[in-house]
file upload_0.cif (mmCIF, C-alpha atoms and all ligand atoms)
data_input
#
loop_
_atom_site.group_PDB
_atom_site.id
_atom_site.type_symbol
_atom_site.label_atom_id
_atom_site.label_comp_id
_atom_site.auth_asym_id
_atom_site.auth_seq_id
_atom_site.Cartn_x
_atom_site.Cartn_y
_atom_site.Cartn_z
ATOM 1 C CA MET Y 6 0.000 0.000 0.000
ATOM 2 C CA SER Y 7 1.340 3.486 -0.714
ATOM 3 C CA ILE Y 8 0.111 6.652 0.908
ATOM 4 C CA VAL Y 9 0.094 10.001 -0.849
ATOM 5 C CA GLN Y 10 0.172 13.125 1.306
ATOM 6 C CA LYS Y 11 0.232 16.761 0.346
ATOM 7 C CA THR Y 12 3.510 18.472 1.216
ATOM 8 C CA VAL Y 13 4.179 21.763 3.014
ATOM 9 C CA LEU Y 14 7.527 23.470 3.504
ATOM 10 C CA THR Y 15 8.266 25.916 6.293
ATOM 11 C CA ILE Y 16 11.151 28.368 5.852
ATOM 12 C CA ALA Y 17 11.584 29.802 9.346
ATOM 13 C CA GLY Y 18 13.560 30.035 12.569
ATOM 14 C CA SER Y 19 13.948 27.326 15.198
ATOM 15 C CA ASP Y 20 12.540 27.777 18.727
ATOM 16 C CA SER Y 21 14.432 25.620 21.223
ATOM 17 C CA SER Y 22 11.392 25.508 23.523
ATOM 18 C CA GLY Y 23 9.211 24.092 20.745
ATOM 19 C CA GLY Y 24 6.400 26.642 21.011
ATOM 20 C CA ALA Y 25 6.994 28.859 17.974
ATOM 21 C CA GLY Y 26 8.943 28.812 14.704
ATOM 22 C CA ILE Y 27 9.789 25.616 12.833
ATOM 23 C CA GLN Y 28 8.685 23.407 15.725
ATOM 24 C CA ALA Y 29 5.189 24.938 15.898
ATOM 25 C CA ASP Y 30 4.951 24.742 12.114
ATOM 26 C CA LEU Y 31 5.765 21.034 11.940
ATOM 27 C CA LYS Y 32 3.346 20.210 14.791
ATOM 28 C CA THR Y 33 0.613 22.129 12.985
ATOM 29 C CA MET Y 34 1.328 20.350 9.704
ATOM 30 C CA GLU Y 35 1.205 16.972 11.415
ATOM 31 C CA ALA Y 36 -2.195 17.862 12.892
ATOM 32 C CA HIS Y 37 -3.414 18.771 9.391
ATOM 33 C CA ARG Y 38 -2.272 15.456 7.913
ATOM 34 C CA VAL Y 39 0.189 17.041 5.494
ATOM 35 C CA TYR Y 40 3.848 16.065 5.145
ATOM 36 C CA GLY Y 41 5.915 18.819 6.759
ATOM 37 C CA MET Y 42 9.417 19.829 5.661
ATOM 38 C CA SER Y 43 11.653 22.549 7.063
ATOM 39 C CA VAL Y 44 14.379 24.958 6.002
ATOM 40 C CA VAL Y 45 15.931 26.570 9.075
ATOM 41 C CA THR Y 46 16.879 30.240 8.675
ATOM 42 C CA ALA Y 47 18.065 30.902 12.221
ATOM 43 C CA LEU Y 48 18.561 29.163 15.535
ATOM 44 C CA THR Y 49 17.098 30.807 18.600
ATOM 45 C CA ALA Y 50 17.742 29.951 22.220
ATOM 46 C CA GLN Y 51 14.452 30.654 23.955
ATOM 47 C CA ASN Y 52 11.822 29.468 26.370
ATOM 48 C CA THR Y 53 8.471 30.705 27.635
ATOM 49 C CA LEU Y 54 10.183 33.714 29.260
ATOM 50 C CA GLY Y 55 11.901 35.069 26.171
ATOM 51 C CA ILE Y 56 14.781 34.800 23.712
ATOM 52 C CA THR Y 57 18.370 34.653 24.985
ATOM 53 C CA GLY Y 58 20.218 34.232 21.686
ATOM 54 C CA ILE Y 59 19.874 34.245 17.892
ATOM 55 C CA LEU Y 60 22.235 32.626 15.398
ATOM 56 C CA PRO Y 61 21.304 33.310 11.756
ATOM 57 C CA VAL Y 62 22.050 30.517 9.280
ATOM 58 C CA GLU Y 63 24.431 31.507 6.481
ATOM 59 C CA LYS Y 64 22.596 32.336 3.266
ATOM 60 C CA SER Y 65 24.469 29.697 1.257
ATOM 61 C CA PHE Y 66 23.259 27.015 3.646
ATOM 62 C CA VAL Y 67 19.680 28.266 3.539
ATOM 63 C CA GLU Y 68 19.976 28.003 -0.247
ATOM 64 C CA LYS Y 69 21.351 24.459 0.018
ATOM 65 C CA GLN Y 70 18.463 23.351 2.232
ATOM 66 C CA ILE Y 71 15.852 24.814 -0.137
ATOM 67 C CA GLN Y 72 17.530 23.181 -3.122
ATOM 68 C CA ALA Y 73 17.677 19.785 -1.397
ATOM 69 C CA VAL Y 74 13.969 19.891 -0.591
ATOM 70 C CA CYS Y 75 12.581 21.476 -3.751
ATOM 71 C CA GLU Y 76 14.540 19.352 -6.214
ATOM 72 C CA ASP Y 77 13.197 16.179 -4.617
ATOM 73 C CA ILE Y 78 9.842 16.860 -2.917
ATOM 74 C CA PRO Y 79 8.177 19.938 -4.440
ATOM 75 C CA PRO Y 80 5.947 21.516 -1.783
ATOM 76 C CA ASP Y 81 2.220 22.042 -2.397
ATOM 77 C CA ALA Y 82 2.388 25.088 -0.126
ATOM 78 C CA VAL Y 83 5.043 27.111 1.675
ATOM 79 C CA LYS Y 84 4.963 28.957 4.980
ATOM 80 C CA ILE Y 85 7.592 31.669 5.441
ATOM 81 C CA GLY Y 86 8.373 32.891 8.943
ATOM 82 C CA MET Y 87 11.493 34.430 10.464
ATOM 83 C CA LEU Y 88 13.958 35.681 7.826
ATOM 84 C CA PRO Y 89 16.714 37.234 9.933
ATOM 85 C CA ASP Y 90 18.361 39.488 7.358
ATOM 86 C CA ARG Y 91 18.391 40.653 3.764
ATOM 87 C CA SER Y 92 20.876 38.042 2.528
ATOM 88 C CA VAL Y 93 18.505 35.227 3.555
ATOM 89 C CA MET Y 94 15.544 37.108 2.059
ATOM 90 C CA GLU Y 95 17.335 37.337 -1.290
ATOM 91 C CA VAL Y 96 17.892 33.579 -1.339
ATOM 92 C CA VAL Y 97 14.211 32.936 -0.532
ATOM 93 C CA ALA Y 98 12.948 35.361 -3.202
ATOM 94 C CA LYS Y 99 15.195 33.697 -5.794
ATOM 95 C CA ALA Y 100 13.990 30.242 -4.746
ATOM 96 C CA ILE Y 101 10.301 31.195 -5.060
ATOM 97 C CA ASP Y 102 10.980 32.127 -8.690
ATOM 98 C CA LYS Y 103 13.364 29.284 -9.513
ATOM 99 C CA TYR Y 104 11.107 26.521 -8.174
ATOM 100 C CA SER Y 105 7.807 28.293 -9.010
ATOM 101 C CA LEU Y 106 6.738 27.881 -5.385
ATOM 102 C CA LYS Y 107 2.977 28.200 -4.975
ATOM 103 C CA ASN Y 108 0.573 28.873 -2.109
ATOM 104 C CA VAL Y 109 3.173 30.945 -0.278
ATOM 105 C CA VAL Y 110 1.901 32.231 3.095
ATOM 106 C CA LEU Y 111 4.238 34.781 4.666
ATOM 107 C CA ASP Y 112 4.067 35.691 8.343
ATOM 108 C CA PRO Y 113 5.954 39.009 8.552
ATOM 109 C CA VAL Y 114 7.750 38.236 11.779
ATOM 110 C CA LEU Y 115 9.411 41.460 12.933
ATOM 111 C CA SER Y 116 9.827 40.937 16.698
ATOM 112 C CA SER Y 117 8.779 38.385 19.273
ATOM 113 C CA THR Y 118 6.013 39.221 21.732
ATOM 114 C CA SER Y 119 8.737 39.391 24.390
ATOM 115 C CA GLY Y 120 10.308 42.272 22.401
ATOM 116 C CA THR Y 121 13.346 40.722 20.697
ATOM 117 C CA GLU Y 122 13.989 41.842 17.112
ATOM 118 C CA LEU Y 123 13.745 38.787 14.824
ATOM 119 C CA THR Y 124 14.176 40.559 11.467
ATOM 120 C CA ARG Y 125 16.824 43.240 11.012
ATOM 121 C CA ILE Y 126 15.126 46.634 10.720
ATOM 122 C CA GLU Y 127 17.154 47.530 7.617
ATOM 123 C CA ALA Y 128 15.796 44.416 5.833
ATOM 124 C CA ARG Y 129 12.136 45.409 6.187
ATOM 125 C CA GLU Y 130 11.994 47.313 2.906
ATOM 126 C CA TYR Y 131 13.306 44.291 1.008
ATOM 127 C CA LEU Y 132 10.779 42.039 2.763
ATOM 128 C CA LYS Y 133 7.946 44.322 1.686
ATOM 129 C CA LYS Y 134 9.094 45.010 -1.862
ATOM 130 C CA GLN Y 135 10.486 41.617 -2.880
ATOM 131 C CA LEU Y 136 8.750 39.002 -0.756
ATOM 132 C CA PHE Y 137 5.201 40.264 -0.256
ATOM 133 C CA CYS Y 138 4.637 40.360 -4.025
ATOM 134 C CA ARG Y 139 5.823 36.753 -4.299
ATOM 135 C CA SER Y 140 3.336 35.580 -1.643
ATOM 136 C CA LEU Y 141 -0.292 34.590 -1.966
ATOM 137 C CA LEU Y 142 -1.026 35.899 1.516
ATOM 138 C CA ILE Y 143 0.703 37.907 4.240
ATOM 139 C CA THR Y 144 -0.501 37.616 7.844
ATOM 140 C CA PRO Y 145 0.549 40.624 9.981
ATOM 141 C CA ASN Y 146 -0.976 41.281 13.396
ATOM 142 C CA ILE Y 147 -2.088 44.833 14.202
ATOM 143 C CA PRO Y 148 1.280 46.118 15.540
ATOM 144 C CA GLU Y 149 3.076 44.555 12.546
ATOM 145 C CA ALA Y 150 0.621 46.094 10.066
ATOM 146 C CA GLN Y 151 1.165 49.508 11.692
ATOM 147 C CA THR Y 152 4.923 49.121 11.413
ATOM 148 C CA LEU Y 153 4.769 47.886 7.819
ATOM 149 C CA LEU Y 154 2.721 50.934 6.844
ATOM 150 C CA SER Y 155 5.029 53.388 8.557
ATOM 151 C CA THR Y 156 7.660 55.086 6.488
ATOM 152 C CA LYS Y 157 9.943 55.895 9.403
ATOM 153 C CA GLU Y 158 12.427 53.128 10.228
ATOM 154 C CA GLY Y 159 11.217 51.307 13.313
ATOM 155 C CA GLY Y 160 8.329 53.777 13.895
ATOM 156 C CA ASP Y 161 5.114 51.930 14.617
ATOM 157 C CA LYS Y 162 2.669 54.645 15.547
ATOM 158 C CA GLU Y 163 2.681 56.600 12.300
ATOM 159 C CA PHE Y 164 -0.202 54.522 10.915
ATOM 160 C CA LEU Y 165 -2.587 53.882 13.784
ATOM 161 C CA ILE Y 166 -5.116 51.038 13.615
ATOM 162 C CA ASP Y 167 -7.721 51.987 16.209
ATOM 163 C CA SER Y 168 -10.978 50.835 14.609
ATOM 164 C CA ARG Y 169 -12.367 48.278 12.181
ATOM 165 C CA GLU Y 170 -12.360 50.948 9.444
ATOM 166 C CA ALA Y 171 -8.684 51.670 10.053
ATOM 167 C CA MET Y 172 -8.026 47.932 9.870
ATOM 168 C CA GLU Y 173 -9.803 47.771 6.492
ATOM 169 C CA ASP Y 174 -7.819 50.766 5.222
ATOM 170 C CA ALA Y 175 -4.560 49.197 6.363
ATOM 171 C CA ALA Y 176 -5.319 45.857 4.702
ATOM 172 C CA LYS Y 177 -6.290 47.509 1.398
ATOM 173 C CA LYS Y 178 -3.212 49.729 1.491
ATOM 174 C CA LEU Y 179 -0.841 46.812 2.109
ATOM 175 C CA SER Y 180 -2.597 44.749 -0.550
ATOM 176 C CA SER Y 181 -2.470 47.407 -3.247
ATOM 177 C CA GLU Y 182 1.053 48.600 -2.445
ATOM 178 C CA TYR Y 183 2.623 45.167 -2.368
ATOM 179 C CA GLY Y 184 0.375 43.052 -4.603
ATOM 180 C CA CYS Y 185 -0.693 40.309 -2.192
ATOM 181 C CA ASN Y 186 -3.757 39.249 -0.257
ATOM 182 C CA VAL Y 187 -3.683 40.336 3.383
ATOM 183 C CA LEU Y 188 -4.937 38.863 6.640
ATOM 184 C CA ILE Y 189 -4.693 41.297 9.547
ATOM 185 C CA LYS Y 190 -4.995 39.403 12.817
ATOM 186 C CA GLY Y 191 -7.094 41.264 15.362
ATOM 187 C CA GLY Y 192 -5.884 39.524 18.522
ATOM 188 C CA HIS Y 193 -4.015 42.677 19.641
ATOM 189 C CA SER Y 194 -6.911 45.086 19.039
ATOM 190 C CA SER Y 195 -7.983 47.432 21.797
ATOM 191 C CA PHE Y 196 -11.205 48.479 20.064
ATOM 192 C CA GLU Y 197 -13.156 45.193 20.088
ATOM 193 C CA ARG Y 198 -15.159 43.708 22.940
ATOM 194 C CA GLU Y 199 -12.873 41.859 25.365
ATOM 195 C CA ASP Y 200 -14.176 38.445 24.371
ATOM 196 C CA VAL Y 201 -13.991 39.018 20.587
ATOM 197 C CA SER Y 202 -11.051 38.549 18.257
ATOM 198 C CA ALA Y 203 -11.878 39.675 14.731
ATOM 199 C CA ASP Y 204 -9.461 39.065 11.867
ATOM 200 C CA LEU Y 205 -9.775 40.746 8.494
ATOM 201 C CA LEU Y 206 -9.084 38.990 5.216
ATOM 202 C CA CYS Y 207 -8.644 41.294 2.253
ATOM 203 C CA ILE Y 208 -8.595 39.567 -1.125
ATOM 204 C CA ARG Y 209 -7.335 41.749 -3.920
ATOM 205 C CA PRO Y 210 -9.077 42.111 -7.269
ATOM 206 C CA LEU Y 211 -7.712 39.889 -9.997
ATOM 207 C CA GLY Y 212 -6.627 41.407 -13.294
ATOM 208 C CA ASN Y 213 -6.636 45.080 -14.105
ATOM 209 C CA ALA Y 214 -10.353 45.772 -14.310
ATOM 210 C CA ILE Y 215 -10.928 49.158 -12.682
ATOM 211 C CA ASP Y 216 -14.421 48.365 -11.467
ATOM 212 C CA THR Y 217 -13.471 45.295 -9.454
ATOM 213 C CA GLU Y 218 -13.104 45.777 -5.731
ATOM 214 C CA PHE Y 219 -11.285 44.276 -2.801
ATOM 215 C CA GLN Y 220 -13.192 41.487 -1.123
ATOM 216 C CA VAL Y 221 -13.228 42.282 2.581
ATOM 217 C CA ILE Y 222 -14.131 39.390 4.860
ATOM 218 C CA TRP Y 223 -14.427 39.710 8.644
ATOM 219 C CA LEU Y 224 -13.727 36.528 10.567
ATOM 220 C CA GLU Y 225 -15.025 36.810 14.093
ATOM 221 C CA GLY Y 226 -13.921 34.452 16.809
ATOM 222 C CA LYS Y 227 -13.497 34.149 20.532
ATOM 223 C CA ARG Y 228 -10.716 35.909 22.424
ATOM 224 C CA PHE Y 229 -9.491 33.716 25.243
ATOM 225 C CA ASP Y 230 -8.456 34.836 28.672
ATOM 226 C CA ASN Y 231 -5.315 32.711 28.490
ATOM 227 C CA PRO Y 232 -1.733 34.027 28.520
ATOM 228 C CA ASN Y 233 -0.350 30.876 26.904
ATOM 229 C CA THR Y 234 -0.294 32.015 23.290
ATOM 230 C CA HIS Y 235 3.384 31.647 22.407
ATOM 231 C CA GLY Y 236 3.676 30.711 18.722
ATOM 232 C CA THR Y 237 0.124 31.657 17.753
ATOM 233 C CA GLY Y 238 1.208 33.559 14.611
ATOM 234 C CA CYS Y 239 3.478 30.721 13.454
ATOM 235 C CA THR Y 240 0.714 28.178 14.020
ATOM 236 C CA LEU Y 241 -1.942 30.176 12.181
ATOM 237 C CA SER Y 242 0.176 30.732 9.067
ATOM 238 C CA SER Y 243 1.176 27.048 8.975
ATOM 239 C CA ALA Y 244 -2.436 25.974 9.356
ATOM 240 C CA ILE Y 245 -3.404 28.227 6.420
ATOM 241 C CA ALA Y 246 -0.579 26.790 4.274
ATOM 242 C CA SER Y 247 -1.606 23.243 5.217
ATOM 243 C CA ASN Y 248 -5.234 23.926 4.314
ATOM 244 C CA LEU Y 249 -4.183 25.415 0.954
ATOM 245 C CA ALA Y 250 -2.070 22.308 0.253
ATOM 246 C CA ASN Y 251 -5.116 20.200 1.071
ATOM 247 C CA GLY Y 252 -7.114 22.017 -1.613
ATOM 248 C CA HIS Y 253 -9.043 24.702 0.302
ATOM 249 C CA ASP Y 254 -9.549 28.066 -1.371
ATOM 250 C CA LEU Y 255 -8.027 31.060 0.415
ATOM 251 C CA LYS Y 256 -11.156 32.052 2.353
ATOM 252 C CA SER Y 257 -11.814 28.549 3.592
ATOM 253 C CA ALA Y 258 -8.101 27.941 4.347
ATOM 254 C CA VAL Y 259 -8.088 31.031 6.584
ATOM 255 C CA SER Y 260 -11.406 30.424 8.350
ATOM 256 C CA GLU Y 261 -10.564 26.787 9.066
ATOM 257 C CA ALA Y 262 -7.132 27.845 10.368
ATOM 258 C CA LYS Y 263 -8.805 30.309 12.719
ATOM 259 C CA LYS Y 264 -10.966 27.511 14.130
ATOM 260 C CA TYR Y 265 -7.827 25.399 14.589
ATOM 261 C CA ILE Y 266 -5.975 28.113 16.476
ATOM 262 C CA GLU Y 267 -8.958 28.699 18.781
ATOM 263 C CA LYS Y 268 -8.985 25.007 19.647
ATOM 264 C CA CYS Y 269 -5.224 25.088 20.335
ATOM 265 C CA ILE Y 270 -5.513 28.105 22.671
ATOM 266 C CA ASP Y 271 -8.684 26.872 24.371
ATOM 267 C CA ALA Y 272 -7.004 23.546 25.216
ATOM 268 C CA GLY Y 273 -5.141 25.531 27.888
ATOM 269 C CA LEU Y 274 -1.756 23.800 27.905
ATOM 270 C CA LYS Y 275 0.327 25.024 30.855
ATOM 271 C CA LEU Y 276 4.089 24.653 30.478
ATOM 272 C CA GLY Y 277 6.955 26.806 31.717
ATOM 273 C CA SER Y 278 6.776 29.857 33.938
ATOM 274 C CA GLY Y 279 6.198 32.478 31.225
ATOM 275 C CA ARG Y 280 4.001 32.759 28.117
ATOM 276 C CA GLY Y 281 3.454 29.092 27.344
ATOM 277 C CA PRO Y 282 2.867 27.304 24.048
ATOM 278 C CA LEU Y 283 -0.284 25.922 22.413
ATOM 279 C CA LEU Y 284 -1.596 22.379 22.403
ATOM 280 C CA HIS Y 285 -1.781 21.038 18.829
HETATM 281 N N1 LIG Y 301 10.731 32.491 17.729
HETATM 282 C C1 LIG Y 301 10.620 32.262 16.433
HETATM 283 C C2 LIG Y 301 11.648 31.395 15.772
HETATM 284 C C3 LIG Y 301 9.547 32.808 15.720
HETATM 285 O O1 LIG Y 301 9.434 32.584 14.406
HETATM 286 C C4 LIG Y 301 8.596 33.611 16.399
HETATM 287 C C5 LIG Y 301 7.467 34.213 15.721
HETATM 288 O O2 LIG Y 301 7.227 34.089 14.573
HETATM 289 C C6 LIG Y 301 8.760 33.826 17.746
HETATM 290 C C7 LIG Y 301 9.831 33.258 18.375
HETATM 291 C C8 LIG Y 301 7.841 34.685 18.538
HETATM 292 O O3 LIG Y 301 6.699 34.039 18.920
HETATM 293 P P1 LIG Y 301 5.742 34.767 19.937
HETATM 294 O O4 LIG Y 301 5.706 36.193 19.570
HETATM 295 O O5 LIG Y 301 4.420 34.089 19.754
HETATM 296 O O6 LIG Y 301 6.303 34.539 21.295
#
call {"tool": "encode", "arguments": {"input": "upload_0.cif", "output": "structure tokens"}}
result
Amino acid sequence: MSIVQKTVLTIAGSDSSGGAGIQADLKTMEAHRVYGMSVVTALTAQNTLGITGILPVEKSFVEKQIQAVCEDIPPDAVKIGMLPDRSVMEVVAKAIDKYSLKNVVLDPVLSSTSGTELTRIEAREYLKKQLFCRSLLITPNIPEAQTLLSTKEGGDKEFLIDSREAMEDAAKKLSSEYGCNVLIKGGHSSFEREDVSADLLCIRPLGNAIDTEFQVIWLEGKRFDNPNTHGTGCTLSSAIASNLANGHDLKSAVSEAKKYIEKCIDAGLKLGSGRGPLLH
């Protein structure tokens, strides 16, 4: 008997405590019954209390890993997470073109929740201009969307998202400036009811027809009173990529992934003395 499984590749950083990064991605893929593969872009020493060290992987070795995977097991979808610097970003952009990688879901990881910078500030422009346009979907949270829309280096209050309308404006702006679909995650919002977490999916018009409009889809869910949410962004983007590999369209891939993440948070795993991980 032979078994055929869809394949998903994560290109991201490693989290030694297993809650975020590559480890969260592979756990998520396993739970979605897809075959998970990984290209490590950086090692991090971290636990539930924070990050104590980062060691970026040399760009030539990131390239070697991608080549080894893509020339043998072409992925049905790709999740991109932590890209520590511009040299690694260049390798990833080249690989997307060279191997015609499809269903690319990019989580624009800028800093960890504990405040450590995961992507060099000076590489942000390259990320926006060269990687967003090569992705099917980008998945910033509210603080990340604010930063991405700010022109000042490192300034995150220039574009303020303080209402659902501002969230819609931000999603449309990111989508039209960088040519990708956008999911803004509302988990950090201060303007919703305490028990609501509303994400916004903005699907851009196809083709050049002037009269077509963005499709704006609100996905409402429950906000949990649970501090153990380490790796939530990594898990969500991997779940979306897994669903796309399994044949879902974008809207269904995102809404099913949201249900998955709610289940993972609600399970209430308690590990470590800081912000703990999810149960997959
Ligand atoms: N470590 C790695 C390798 C990550 O990729 C990320 C987020 O993408 C984090 C840590 C941060 O996770 P969190 O902000 O959920 O703690």
call {"tool": "residues_near_point", "arguments": {"input": "upload_0.cif", "point": "(3.9, 13.8, 2.9)", "cutoff": "9 Å", "atoms": "all atoms listed in the file", "output": "NGL selection string"}}
result
:Y and (8-13 or 38-42 or 78)
call {"tool": "closest_residue", "arguments": {"input": "upload_0.cif", "among": "Y:Thr53, Y:Leu132, Y:Ile27, Y:Lys190", "to": "Lys275 of chain Y", "atoms": "all atoms listed in the file"}}
result
Y:Thr53
call {"tool": "resolve_selection", "arguments": {"input": "upload_0.cif", "expression": "the PyMOL selection byres (((not hetatm)) within 6 of (chain Y and resi 301))", "output": "PyMOL selection string"}}
result
chain Y and resi 18-20+25-26+86-87+114+117-118+235-237+239
call {"tool": "residues_around", "arguments": {"input": "upload_0.cif", "residues": "segment 259-274 of chain Y", "least_positions_apart": "4", "cutoff": "9 Å", "atoms": "all atoms listed in the file", "output": "ChimeraX atom specification"}}
result
/Y:188,204,206,224,226-229,231,233-234,237,240-249,253-255,281-285
call {"tool": "resolve_selection", "arguments": {"input": "upload_0.cif", "expression": "the PyMOL selection byres (((chain Y and resi 154) around 12) and not hetatm)", "output": "short mmCIF file (atom, residue, chain, number, x, y, z; two decimals) with C-alpha atoms, in the frame of the given file"}}
result
data_model
loop_
_atom_site.label_atom_id
_atom_site.label_comp_id
_atom_site.auth_asym_id
_atom_site.auth_seq_id
_atom_site.Cartn_x
_atom_site.Cartn_y
_atom_site.Cartn_z
CA ARG Y 129 12.14 45.41 6.19
CA GLU Y 130 11.99 47.31 2.91
CA LYS Y 133 7.95 44.32 1.69
CA PRO Y 145 0.55 40.62 9.98
CA ILE Y 147 -2.09 44.83 14.20
CA PRO Y 148 1.28 46.12 15.54
CA GLU Y 149 3.08 44.56 12.55
CA ALA Y 150 0.62 46.09 10.07
CA GLN Y 151 1.16 49.51 11.69
CA THR Y 152 4.92 49.12 11.41
CA LEU Y 153 4.77 47.89 7.82
CA SER Y 155 5.03 53.39 8.56
CA THR Y 156 7.66 55.09 6.49
CA LYS Y 157 9.94 55.90 9.40
CA GLU Y 158 12.43 53.13 10.23
CA GLY Y 159 11.22 51.31 13.31
CA GLY Y 160 8.33 53.78 13.90
CA ASP Y 161 5.11 51.93 14.62
CA LYS Y 162 2.67 54.64 15.55
CA GLU Y 163 2.68 56.60 12.30
CA PHE Y 164 -0.20 54.52 10.92
CA LEU Y 165 -2.59 53.88 13.78
CA ILE Y 166 -5.12 51.04 13.62
CA ALA Y 171 -8.68 51.67 10.05
CA MET Y 172 -8.03 47.93 9.87
CA ASP Y 174 -7.82 50.77 5.22
CA ALA Y 175 -4.56 49.20 6.36
CA ALA Y 176 -5.32 45.86 4.70
CA LYS Y 177 -6.29 47.51 1.40
CA LYS Y 178 -3.21 49.73 1.49
CA LEU Y 179 -0.84 46.81 2.11
CA SER Y 180 -2.60 44.75 -0.55
CA SER Y 181 -2.47 47.41 -3.25
CA GLU Y 182 1.05 48.60 -2.44
CA TYR Y 183 2.62 45.17 -2.37
#
call {"tool": "resolve_selection", "arguments": {"input": "upload_0.cif", "expression": "the PyMOL selection byres (((chain Y and resi 88-100) around 9) and not hetatm)", "output": "count of residues only"}}
result
40
call {"tool": "atom_distance", "arguments": {"input": "upload_0.cif", "atom1": "atom CA of Thr57 of chain Y", "atom2": "atom CA of Ser278 of chain Y"}}
result
15.4 Å
call {"tool": "atom_distance", "arguments": {"input": "upload_0.cif", "atom1": "atom CA of Val221 of chain Y", "atom2": "atom CA of Met34 of chain Y"}}
result
27.3 Å
call {"tool": "atom_distance", "arguments": {"input": "upload_0.cif", "atom1": "atom CA of Gly23 of chain Y", "atom2": "atom CA of Leu142 of chain Y"}}
result
24.8 Å
call {"tool": "axis_aligned_box", "arguments": {"input": "upload_0.cif", "around": "segment 84-88 of chain Y", "padding_each_side": "8 Å", "output": "lines of an AutoDock Vina configuration file"}}
result
center_x = 9.5
center_y = 32.3
center_z = 7.7
size_x = 25.0
size_y = 22.7
size_z = 21.5
call {"tool": "closest_residue", "arguments": {"input": "upload_0.cif", "among": "Y:Leu54, Y:Ser22, Y:Pro79, Y:Gly184", "to": "Gly120 of chain Y", "atoms": "only C-alpha atoms"}}
result
Y:Leu54
call {"tool": "closest_residue", "arguments": {"input": "upload_0.cif", "among": "Y:Ser257, Y:Thr144, Y:Gln220, Y:Ser119", "to": "Ile208 of chain Y", "atoms": "all atoms listed in the file"}}
result
Y:Gln220
call {"tool": "closest_residue", "arguments": {"input": "upload_0.cif", "among": "Y:Val201, Y:Gly191, Y:Val83, Y:Asn146", "to": "Ser168 of chain Y", "atoms": "all atoms listed in the file"}}
result
Y:Gly191
